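The data block below is coords.cif; it holds mmCIF, C-alpha atoms.
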```
data_upload
#
loop_
_atom_site.label_atom_id
_atom_site.label_comp_id
_atom_site.auth_asym_id
_atom_site.auth_seq_id
_atom_site.Cartn_x
_atom_site.Cartn_y
_atom_site.Cartn_z
CA MET A 20 22.31 -6.55 22.58
CA ASN A 21 24.82 -4.39 20.70
CA GLU A 22 25.30 -7.21 18.25
CA LEU A 23 21.58 -7.42 17.49
CA LEU A 24 21.31 -3.65 17.01
CA ASN A 25 24.34 -3.74 14.76
CA SER A 26 23.04 -6.53 12.54
CA SER A 27 19.39 -5.41 12.44
CA ILE A 28 19.75 -1.69 11.98
CA LYS A 29 21.30 -1.47 8.55
CA ILE A 30 22.40 2.12 9.10
CA TRP A 31 24.09 1.37 12.47
CA ASN A 32 27.45 2.48 11.07
CA LYS A 33 25.97 5.79 9.99
CA LEU A 34 24.71 6.61 13.49
CA ASN A 35 26.97 8.73 15.65
CA GLU A 36 28.08 7.71 19.13
CA ASP A 37 25.31 9.59 20.90
CA GLU A 38 22.66 8.00 18.71
CA ARG A 39 24.03 4.50 19.27
CA ALA A 40 24.22 5.10 22.99
CA TYR A 41 20.60 6.25 23.01
CA LEU A 42 19.47 3.02 21.38
CA ILE A 43 21.63 0.87 23.66
CA ASP A 44 20.40 2.66 26.76
CA ASN A 45 16.73 2.76 25.88
CA THR A 46 15.87 -0.56 24.29
CA ILE A 47 14.56 -3.28 26.58
CA GLU A 48 14.37 -7.01 26.12
CA ILE A 49 11.04 -8.52 25.14
CA ASN A 50 9.70 -12.04 24.91
CA TYR A 51 6.50 -13.06 23.22
CA LYS A 52 4.98 -16.52 23.13
CA LYS A 53 3.79 -18.23 19.99
CA ASN A 54 0.28 -16.95 19.06
CA ASP A 55 0.70 -13.71 21.04
CA ILE A 56 -0.97 -10.78 19.29
CA ILE A 57 0.56 -7.29 19.23
CA ASN A 58 -2.13 -4.96 17.88
CA ASN A 59 -0.85 -1.90 16.10
CA ASN A 60 -3.27 0.31 17.98
CA SER A 61 -1.63 -0.67 21.26
CA CYS A 62 1.47 1.00 19.79
CA VAL A 63 4.14 -0.42 22.09
CA GLY A 64 7.08 0.90 20.07
CA LEU A 65 9.68 -0.32 17.60
CA ILE A 66 10.43 -4.04 17.79
CA ILE A 67 13.75 -5.47 16.66
CA ILE A 68 13.49 -9.24 16.29
CA ASN A 69 16.33 -11.40 17.55
CA LYS A 70 14.72 -14.82 17.08
CA GLY A 71 11.16 -15.41 15.99
CA THR A 72 8.49 -14.53 13.45
CA ILE A 73 5.91 -11.78 13.40
CA ARG A 74 3.17 -12.13 10.81
CA THR A 75 1.55 -8.87 9.73
CA TYR A 76 -1.97 -9.28 8.43
CA ILE A 77 -5.28 -7.55 7.87
CA ALA A 78 -8.55 -9.20 8.83
CA SER A 79 -12.11 -8.63 7.67
CA GLU A 80 -15.11 -8.55 9.97
CA SER A 81 -15.97 -12.05 8.79
CA GLY A 82 -12.57 -13.30 9.93
CA LYS A 83 -10.92 -13.61 6.53
CA GLU A 84 -7.23 -12.80 6.78
CA ILE A 85 -4.56 -11.67 4.37
CA THR A 86 -0.91 -11.84 5.29
CA LEU A 87 0.93 -8.75 4.06
CA TYR A 88 4.40 -9.98 5.02
CA LYS A 89 6.27 -11.88 7.70
CA LEU A 90 9.18 -10.50 9.70
CA ILE A 91 11.93 -12.82 10.87
CA ASP A 92 15.29 -12.70 12.70
CA ASN A 93 16.94 -9.27 12.49
CA ASP A 94 13.89 -7.64 10.93
CA ILE A 95 12.40 -4.44 12.27
CA CYS A 96 8.71 -4.23 13.07
CA LEU A 97 7.52 -0.69 12.51
CA PHE A 98 3.75 -1.11 12.70
CA SER A 99 4.00 -1.69 16.44
CA ALA A 100 4.99 2.01 16.49
CA SER A 101 2.42 3.14 13.91
CA CYS A 102 0.87 5.78 16.18
CA ALA A 103 4.15 7.68 15.72
CA ILE A 104 3.73 7.74 11.93
CA ASN A 105 1.48 10.46 10.55
CA ASN A 106 -1.39 9.40 8.28
CA ILE A 107 -1.27 5.67 8.93
CA ASN A 108 -4.96 5.13 9.58
CA PHE A 109 -5.45 1.42 8.96
CA ASP A 110 -5.21 -1.46 11.36
CA VAL A 111 -2.98 -4.42 10.92
CA THR A 112 -2.55 -7.29 13.34
CA LEU A 113 0.87 -8.49 14.39
CA GLU A 114 0.93 -12.13 15.40
CA CYS A 115 3.92 -14.01 16.74
CA THR A 116 3.78 -17.28 14.84
CA GLU A 117 6.68 -18.61 16.92
CA ASP A 118 8.13 -17.74 20.32
CA THR A 119 9.74 -14.39 19.58
CA ASN A 120 12.38 -12.45 21.49
CA GLY A 121 14.17 -9.26 20.72
CA LEU A 122 14.42 -5.63 21.70
CA LEU A 123 11.79 -2.96 22.08
CA LEU A 124 12.38 0.76 21.78
CA PRO A 125 9.32 1.91 23.76
CA ILE A 126 7.04 4.32 21.93
CA ASP A 127 7.93 7.45 23.93
CA LYS A 128 11.65 6.77 23.43
CA TYR A 129 11.00 6.06 19.76
CA LYS A 130 9.22 9.38 19.30
CA THR A 131 12.05 11.22 21.03
CA PHE A 132 14.65 9.43 18.95
CA ILE A 133 13.20 10.10 15.49
CA ASN A 134 13.11 13.79 16.37
CA LYS A 135 16.73 13.59 17.48
CA SER A 136 18.20 11.57 14.62
CA ASN A 137 17.50 12.42 10.99
CA THR A 138 19.54 9.42 9.90
CA PHE A 139 17.28 7.12 11.86
CA LYS A 140 14.12 8.91 10.70
CA ASP A 141 15.16 8.50 7.06
CA TYR A 142 15.75 4.83 7.73
CA MET A 143 12.27 4.44 9.22
CA ASN A 144 10.77 6.14 6.15
CA ASP A 145 12.67 3.75 3.89
CA ILE A 146 11.10 0.87 5.81
CA ILE A 147 7.62 2.35 5.36
CA SER A 148 8.17 2.52 1.59
CA LEU A 149 9.37 -1.08 1.61
CA ARG A 150 6.23 -2.23 3.42
CA PHE A 151 4.16 -0.17 0.97
CA SER A 152 5.84 -1.98 -1.93
CA ASP A 153 5.29 -5.39 -0.30
CA THR A 154 1.63 -4.55 0.17
CA MET A 155 1.25 -3.41 -3.44
CA TRP A 156 2.61 -6.76 -4.54
CA VAL A 157 -0.03 -8.56 -2.50
CA LEU A 158 -2.74 -6.24 -3.86
CA GLU A 159 -1.74 -6.87 -7.46
CA GLN A 160 -1.51 -10.64 -7.07
CA PHE A 161 -4.83 -10.93 -5.28
CA VAL A 162 -6.84 -8.54 -7.35
CA PHE A 163 -5.46 -8.98 -10.82
CA HIS A 164 -4.22 -12.45 -11.17
CA SER A 165 -6.03 -14.46 -8.54
CA LEU A 166 -2.61 -16.08 -8.66
CA ASP A 167 -3.06 -17.56 -5.18
CA LYS A 168 -6.23 -19.33 -6.39
CA ARG A 169 -4.71 -20.43 -9.66
CA LEU A 170 -1.58 -21.77 -8.01
CA ALA A 171 -3.64 -23.59 -5.36
CA ASN A 172 -5.77 -25.19 -8.07
CA TYR A 173 -2.68 -26.15 -10.00
CA LEU A 174 -1.05 -27.84 -7.00
CA LEU A 175 -4.25 -29.70 -6.12
CA GLU A 176 -4.58 -30.98 -9.67
CA CYS A 177 -1.12 -32.54 -9.47
CA ASP A 178 -2.81 -35.26 -7.40
CA SER A 179 0.21 -35.97 -5.24
CA ASP A 180 1.49 -34.81 -1.86
CA ILE A 181 5.00 -34.43 -3.19
CA ILE A 182 5.21 -32.67 -6.53
CA ASN A 183 8.45 -32.87 -8.47
CA ILE A 184 8.41 -29.77 -10.59
CA THR A 185 10.43 -26.60 -11.02
CA HIS A 186 9.02 -23.13 -10.42
CA GLU A 187 9.85 -22.36 -14.05
CA GLU A 188 7.58 -25.19 -15.26
CA ILE A 189 4.70 -23.96 -13.11
CA ALA A 190 5.26 -20.42 -14.39
CA ASN A 191 5.07 -21.63 -17.95
CA ASP A 192 1.90 -23.59 -17.26
CA LEU A 193 0.24 -20.63 -15.56
CA GLY A 194 1.51 -17.99 -17.98
CA SER A 195 3.44 -16.27 -15.24
CA SER A 196 7.14 -15.71 -14.53
CA ARG A 197 9.44 -17.86 -12.40
CA GLU A 198 10.08 -14.94 -10.03
CA VAL A 199 6.39 -14.40 -9.36
CA ILE A 200 5.67 -18.12 -8.86
CA SER A 201 8.66 -18.50 -6.51
CA ARG A 202 7.48 -15.56 -4.46
CA MET A 203 3.91 -16.87 -4.22
CA LEU A 204 5.19 -20.35 -3.29
CA LYS A 205 7.32 -18.71 -0.60
CA TYR A 206 4.16 -16.94 0.57
CA PHE A 207 2.42 -20.35 0.77
CA GLU A 208 5.38 -21.76 2.67
CA ASN A 209 5.27 -18.92 5.18
CA GLU A 210 1.60 -19.76 5.68
CA ASN A 211 2.58 -23.41 6.35
CA ILE A 212 0.64 -24.58 3.33
CA VAL A 213 3.55 -26.12 1.46
CA LYS A 214 7.15 -27.01 2.14
CA LEU A 215 9.67 -26.15 -0.55
CA GLU A 216 12.71 -28.20 -1.40
CA ARG A 217 14.99 -28.28 -4.36
CA ASN A 218 12.79 -29.23 -7.32
CA SER A 219 9.96 -30.49 -5.15
CA ILE A 220 6.94 -29.06 -3.37
CA THR A 221 5.31 -30.92 -0.48
CA LEU A 222 1.69 -30.17 0.31
CA VAL A 223 1.47 -29.65 4.06
CA ASP A 224 -2.02 -28.26 4.64
CA TYR A 225 -4.49 -29.66 2.15
CA ASN A 226 -7.47 -27.88 3.73
CA LYS A 227 -5.91 -24.43 3.51
CA LEU A 228 -5.07 -25.10 -0.12
CA MET A 229 -8.69 -26.11 -0.77
CA ASP A 230 -9.88 -22.90 0.92
CA ILE A 231 -7.66 -20.78 -1.30
CA SER A 232 -8.65 -22.66 -4.44
CA ASP A 233 -12.31 -21.86 -3.66
CA LYS A 234 -13.38 -25.40 -4.53
CA MET B 29 2.19 30.83 -8.57
CA ASN B 30 2.93 31.80 -4.95
CA GLU B 31 -0.73 31.47 -4.19
CA LEU B 32 -0.87 27.91 -5.50
CA LEU B 33 2.25 26.90 -3.56
CA ASN B 34 0.79 28.49 -0.46
CA SER B 35 -2.55 26.71 -0.71
CA SER B 36 -1.21 23.33 -1.89
CA ILE B 37 1.80 22.90 0.34
CA LYS B 38 0.20 22.58 3.75
CA ILE B 39 3.49 23.30 5.52
CA TRP B 40 4.24 26.47 3.47
CA ASN B 41 4.17 28.56 6.65
CA LYS B 42 6.76 26.31 8.26
CA LEU B 43 9.25 26.75 5.42
CA ASN B 44 11.88 29.43 5.88
CA GLU B 45 12.49 32.19 3.34
CA ASP B 46 15.26 30.33 1.52
CA GLU B 47 13.12 27.23 1.16
CA ARG B 48 10.18 29.21 -0.19
CA ALA B 49 12.43 31.04 -2.61
CA TYR B 50 13.82 27.71 -3.84
CA LEU B 51 10.36 26.43 -4.65
CA ILE B 52 9.30 29.69 -6.28
CA ASP B 53 12.47 29.84 -8.39
CA ASN B 54 12.53 26.22 -9.45
CA THR B 55 8.96 25.21 -10.20
CA ILE B 56 7.78 25.53 -13.77
CA GLU B 57 4.31 25.69 -15.24
CA ILE B 58 2.90 22.54 -16.80
CA ASN B 59 -0.16 21.80 -18.87
CA TYR B 60 -1.52 18.36 -19.61
CA LYS B 61 -4.43 17.51 -21.86
CA LYS B 62 -7.26 15.23 -20.88
CA ASN B 63 -6.17 11.57 -21.29
CA ASP B 64 -2.46 12.40 -21.09
CA ILE B 65 -0.51 9.71 -19.27
CA ILE B 66 2.36 10.48 -16.89
CA ASN B 67 4.08 7.19 -16.11
CA ASN B 68 5.82 7.02 -12.77
CA ASN B 69 8.90 5.50 -14.32
CA SER B 70 9.39 8.63 -16.43
CA CYS B 71 9.83 10.37 -13.04
CA VAL B 72 9.36 13.97 -14.14
CA GLY B 73 9.25 15.38 -10.61
CA LEU B 74 6.74 16.64 -8.08
CA ILE B 75 3.48 17.90 -9.56
CA ILE B 76 1.31 20.46 -7.77
CA ILE B 77 -2.14 20.57 -9.34
CA ASN B 78 -3.77 23.93 -9.90
CA LYS B 79 -6.83 22.81 -11.87
CA GLY B 80 -7.48 19.29 -13.05
CA THR B 81 -7.60 15.65 -12.04
CA ILE B 82 -4.91 13.00 -12.01
CA ARG B 83 -6.11 9.44 -11.57
CA THR B 84 -3.54 7.07 -10.07
CA TYR B 85 -4.10 3.46 -11.00
CA ILE B 86 -2.45 0.11 -11.40
CA ALA B 87 -3.07 -1.99 -14.49
CA SER B 88 -2.69 -5.68 -15.15
CA GLU B 89 -1.22 -7.09 -18.35
CA SER B 90 -4.73 -7.93 -19.51
CA GLY B 91 -5.72 -4.28 -19.23
CA LYS B 92 -7.74 -4.51 -16.03
CA GLU B 93 -7.36 -1.34 -14.00
CA ILE B 94 -7.78 -0.36 -10.38
CA THR B 95 -7.95 3.25 -9.32
CA LEU B 96 -5.97 3.80 -6.12
CA TYR B 97 -7.00 7.43 -5.70
CA LYS B 98 -7.71 10.61 -7.63
CA LEU B 99 -5.86 13.86 -7.10
CA ILE B 100 -7.63 17.16 -7.70
CA ASP B 101 -7.07 20.92 -7.40
CA ASN B 102 -4.32 21.78 -4.88
CA ASP B 103 -3.28 18.15 -4.44
CA ILE B 104 0.33 17.05 -4.69
CA CYS B 105 1.28 14.19 -6.97
CA LEU B 106 4.27 12.38 -5.51
CA PHE B 107 4.43 9.27 -7.65
CA SER B 108 5.64 11.34 -10.58
CA ALA B 109 8.79 11.69 -8.44
CA SER B 110 8.87 8.08 -7.22
CA CYS B 111 12.41 7.42 -8.44
CA ALA B 112 13.51 9.77 -5.65
CA ILE B 113 11.84 7.60 -2.99
CA ASN B 114 13.83 4.61 -1.75
CA ASN B 115 12.18 1.19 -1.92
CA ILE B 116 9.20 2.13 -4.09
CA ASN B 117 9.46 -0.67 -6.62
CA PHE B 118 5.98 -0.83 -8.12
CA ASP B 119 4.52 0.94 -11.12
CA VAL B 120 1.47 3.10 -11.10
CA THR B 121 0.00 5.02 -14.01
CA LEU B 122 -0.98 8.66 -13.67
CA GLU B 123 -3.72 9.70 -16.07
CA CYS B 124 -5.08 13.19 -16.47
CA THR B 125 -8.82 12.63 -16.61
CA GLU B 126 -9.34 16.33 -17.35
CA ASP B 127 -7.16 19.07 -18.80
CA THR B 128 -4.74 19.64 -15.94
CA ASN B 129 -2.42 22.54 -15.21
CA GLY B 130 -0.15 23.26 -12.33
CA LEU B 131 3.45 23.44 -11.28
CA LEU B 132 6.28 20.96 -11.61
CA LEU B 133 9.34 20.80 -9.40
CA PRO B 134 11.62 18.91 -11.82
CA ILE B 135 13.13 15.71 -10.43
CA ASP B 136 16.72 16.99 -10.07
CA LYS B 137 15.48 20.07 -8.22
CA TYR B 138 13.20 17.87 -6.12
CA LYS B 139 16.11 15.63 -5.11
CA THR B 140 18.21 18.64 -4.19
CA PHE B 141 15.39 20.17 -2.21
CA ILE B 142 14.51 17.17 -0.02
CA ASN B 143 18.18 16.98 0.99
CA LYS B 144 18.10 20.69 1.79
CA SER B 145 14.85 20.92 3.71
CA ASN B 146 13.97 18.46 6.47
CA THR B 147 10.60 20.15 6.89
CA PHE B 148 9.76 19.43 3.27
CA LYS B 149 11.13 15.89 3.43
CA ASP B 150 8.95 15.14 6.46
CA TYR B 151 5.97 16.48 4.55
CA MET B 152 6.73 14.22 1.59
CA ASN B 153 6.94 11.23 3.95
CA ASP B 154 3.58 12.16 5.42
CA ILE B 155 2.14 12.11 1.90
CA ILE B 156 3.61 8.65 1.25
CA SER B 157 1.93 7.34 4.40
CA LEU B 158 -1.34 8.90 3.28
CA ARG B 159 -1.14 7.18 -0.12
CA PHE B 160 -0.25 3.94 1.68
CA SER B 161 -3.40 4.30 3.78
CA ASP B 162 -5.52 5.05 0.69
CA THR B 163 -4.11 1.97 -1.00
CA MET B 164 -4.80 -0.21 2.05
CA TRP B 165 -8.39 0.92 1.90
CA VAL B 166 -8.62 -0.20 -1.72
CA LEU B 167 -6.98 -3.54 -0.86
CA GLU B 168 -9.50 -4.14 1.89
CA GLN B 169 -12.45 -3.21 -0.34
CA PHE B 170 -11.35 -5.60 -3.02
CA VAL B 171 -10.30 -8.57 -1.06
CA PHE B 172 -12.85 -8.49 1.70
CA HIS B 173 -15.99 -6.95 0.24
CA SER B 174 -18.05 -8.36 -2.56
CA LEU B 175 -18.96 -6.29 -5.59
CA ASP B 176 -22.52 -5.43 -4.56
CA LYS B 177 -21.18 -3.93 -1.35
CA ARG B 178 -18.40 -2.17 -3.19
CA LEU B 179 -20.76 -0.72 -5.76
CA ALA B 180 -23.19 0.42 -3.06
CA ASN B 181 -20.33 2.07 -1.16
CA TYR B 182 -19.18 3.71 -4.37
CA LEU B 183 -22.60 5.16 -5.19
CA LEU B 184 -23.09 6.44 -1.64
CA GLU B 185 -19.73 8.16 -1.70
CA CYS B 186 -20.66 10.14 -4.80
CA ASP B 187 -22.67 12.29 -2.37
CA SER B 188 -25.38 13.12 -4.87
CA ASP B 189 -28.79 11.69 -5.76
CA ILE B 190 -28.08 11.98 -9.46
CA ILE B 191 -24.68 10.70 -10.49
CA ASN B 192 -23.39 11.55 -13.95
CA ILE B 193 -21.04 8.74 -14.74
CA THR B 194 -20.73 5.92 -17.24
CA HIS B 195 -20.68 2.25 -16.28
CA GLU B 196 -17.24 2.04 -17.85
CA GLU B 197 -15.89 4.70 -15.50
CA ILE B 198 -17.32 2.89 -12.48
CA ALA B 199 -15.84 -0.37 -13.75
CA ASN B 200 -12.39 1.21 -14.04
CA ASP B 201 -12.63 2.69 -10.58
CA LEU B 202 -13.71 -0.63 -9.08
CA GLY B 203 -11.34 -2.82 -11.09
CA SER B 204 -14.23 -4.61 -12.71
CA SER B 205 -15.59 -4.82 -16.24
CA ARG B 206 -18.34 -2.68 -17.76
CA GLU B 207 -20.49 -5.77 -18.28
CA VAL B 208 -20.28 -6.80 -14.64
CA ILE B 209 -21.02 -3.28 -13.39
CA SER B 210 -23.95 -2.86 -15.81
CA ARG B 211 -25.40 -6.15 -14.65
CA MET B 212 -25.03 -5.23 -10.99
CA LEU B 213 -26.59 -1.81 -11.66
CA LYS B 214 -29.44 -3.49 -13.53
CA TYR B 215 -29.92 -5.74 -10.51
CA PHE B 216 -30.07 -2.63 -8.31
CA GLU B 217 -32.62 -1.11 -10.70
CA ASN B 218 -34.78 -4.23 -10.59
CA GLU B 219 -34.72 -3.94 -6.82
CA ASN B 220 -35.85 -0.29 -7.16
CA ILE B 221 -32.65 0.92 -5.57
CA VAL B 222 -31.50 3.05 -8.49
CA LYS B 223 -32.91 4.31 -11.78
CA LEU B 224 -30.65 4.12 -14.81
CA GLU B 225 -30.56 6.62 -17.62
CA ARG B 226 -28.06 7.35 -20.31
CA ASN B 227 -24.85 8.38 -18.45
CA SER B 228 -26.63 8.99 -15.19
CA ILE B 229 -27.68 6.96 -12.17
CA THR B 230 -30.40 8.22 -9.82
CA LEU B 231 -30.44 6.91 -6.27
CA VAL B 232 -34.04 5.89 -5.50
CA ASP B 233 -33.81 3.92 -2.28
CA TYR B 234 -31.07 5.23 -0.08
CA ASN B 235 -31.86 2.88 2.82
CA LYS B 236 -31.58 -0.27 0.74
CA LEU B 237 -28.28 0.99 -0.59
CA MET B 238 -27.11 1.58 2.96
CA ASP B 239 -28.17 -1.96 3.89
CA ILE B 240 -26.15 -3.43 1.05
CA SER B 241 -23.17 -1.26 1.81
CA ASP B 242 -23.18 -2.61 5.37
CA LYS B 243 -22.70 0.85 6.80
#
```
Please go through the file and, once you have read it, give me the structure as structure tokens.
Amino acid sequence: MNELLNSSIKIWNKLNEDERAYLIDNTIEINYKKNDIINNNSCVGLIIINKGTIRTYIASESGKEITLYKLIDNDICLFSASCAINNINFDVTLECTEDTNGLLLPIDKYKTFINKSNTFKDYMNDIISLRFSDTMWVLEQFVFHSLDKRLANYLLECDSDIINITHEEIANDLGSSREVISRMLKYFENENIVKLERNSITLVDYNKLMDISDK
Amino acid sequence: MNELLNSSIKIWNKLNEDERAYLIDNTIEINYKKNDIINNNSCVGLIIINKGTIRTYIASESGKEITLYKLIDNDICLFSASCAINNINFDVTLECTEDTNGLLLPIDKYKTFINKSNTFKDYMNDIISLRFSDTMWVLEQFVFHSLDKRLANYLLECDSDIINITHEEIANDLGSSREVISRMLKYFENENIVKLERNSITLVDYNKLMDISDK
């Protein structure tokens, strides 16, 4: 347990003994099954992932979904404690896309702790800004570039399940940069649409790709 | 000056005398002209608006723009101090859409102050969460709702039967083009929902607009 706290909480070494003890004493083990949903309005508390994946997404009334980001081993899930953050008035859904275990700092303990530890509070605020930046990236890609659509079209037009091409080549063809293409491909991979290997891209879910491409 | 700080900074009464004195001593008067641009990467510091409007938007390389929110009298503009916020790695543009005057807490003084005053730092973090929520709203509008809905929502939110605005301004706010907005407005006019005149839009059939907006 100490080991997980140490590796997940990047500022562990900046916490004093009392603060560390508080976290050790008050976190409890949690286990979620694949497909379990943790809604942010249930506000269970801060989740520290040991092994697993939590997908954070928004959903429209019609059921359309957009993944904002995915949290993996050693990541900290803050939106499960969003009721403790002033001014967060939107709903996201947290879905375990694999069996997920880790630690939970229950919401009442979380609230007590951020009022006790400025170091920890600052760290939480840094995480909020990081999630804000991640979300802005998604907004820009979706709204400005339709890059998800364009990339899906591009991959479909390659007419092969295994495409031997570098991210740089795709970037050149789509008038984008390698960094942006790599990140969007990684996004596709997280959504189980493609599988990435060195210099090749394998199409895993043809139907999802067709949906994105709007064909 | 005191009066502006008092009315803009919602936690003014929670600041102690030293903290108030710091703000009074270190803010300077600023004046921007209509159309002036304050880029967030110039990072001038925290701006407290007395009179005016600052539009915060993101822009694509092709010049397409999306307004995230507009700040008006007594609002606090934080993105002009974004270099002092960890993990904010996206660019927004701040445009004065009217002559704008107010106070500036220059960036070095801002950095000193948030390390001095936890009350003020908490307040800044609350503002970041608020902007995050505003931005999520925009993301949801764009990705989930079609333009007719978005335009109907937009017109309803103007809270007036006669709206003095150009199609270009609406297009910028909705991240669309003037042509597309004009066509959609023309469609609304043909349906007797609005009446179009030079630089003004009159709402004729409120109920139809409500139907479209899905409210």
- Message: Which residues would end up in the selection if the PyMOL selection byres ((chain B) within 7 of (chain A)) were applied here, given that I need the answer as a list in words?
- Response: Ser88, Asn114, Asn115, Ile116, Asn117, Phe118, Asn153, Asp154, Ser157, Leu158, Phe160, Ser161, Leu167, Phe170 and Phe172 of chain B
- Item | Near-range 38-52 of chain A list (10 Å; all atoms listed in the file; drop same-chain fewer than 5 positions) as an MDAnalysis selection string | chainID A and resid 20:21 24:25 31:33 57 64:71 73 114:125 128:129 132 135:136 138:139
- Message: Report as an MDAnalysis selection string all protein, DNA and RNA residues lying within 9 Å of Ile240 in chain B, evaluated on all atoms listed in the file, omitting residues in the same chain fewer than 2 positions from it.
- Response: chainID B and resid 176:178 180:181 235:238 242:243
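Superposing chain A on chain B by least squares over every C-alpha atom, paired in sequence order, leaves a C-alpha RMSD of 9.8 Å.
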- Task: Please write as a count of residues only the full residue list that the PyMOL selection byres ((chain A and resi 94) around 7) yields on this file.
- Result: 9
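Minimum atom-to-atom distances from A:Ser232, A:Leu113, A:Leu215, A:Ala103 to Ile133 in chain A were compared using only C-alpha atoms, and the lowest value belongs to A:Ala103.
Residues matching the PyMOL selection byres ((chain A and resi 60) around 8) in this structure come to Asn58, Asn59, Ser61, Cys62, Ser99, Ser101, Cys102 and Asp110 of chain A.
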- Query: Which neighbours of Asn200 in chain B fall inside 12 Å, counting all atoms listed in the file, when residues of the same chain fewer than 3 positions from it are skipped, and could you give them as a count of residues only?
  - Reply: 26
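For the pair CA of Ile190 in chain B and CA of Asp64 in chain B, the interatomic distance is 28.1 Å.
The nearest approach to Lys89 in chain A among the residues A:Lys205, A:Lys29, A:Lys130, A:Lys53, with all atoms listed in the file taken into account, belongs to A:Lys205.
Our summary of the geometry notes that CA of Leu193 in chain A is positioned 21.3 Å from CA of Glu210 in chain A.
Distance-wise, CA of Tyr234 in chain B and CA of Val222 in chain B end up 8.7 Å apart.
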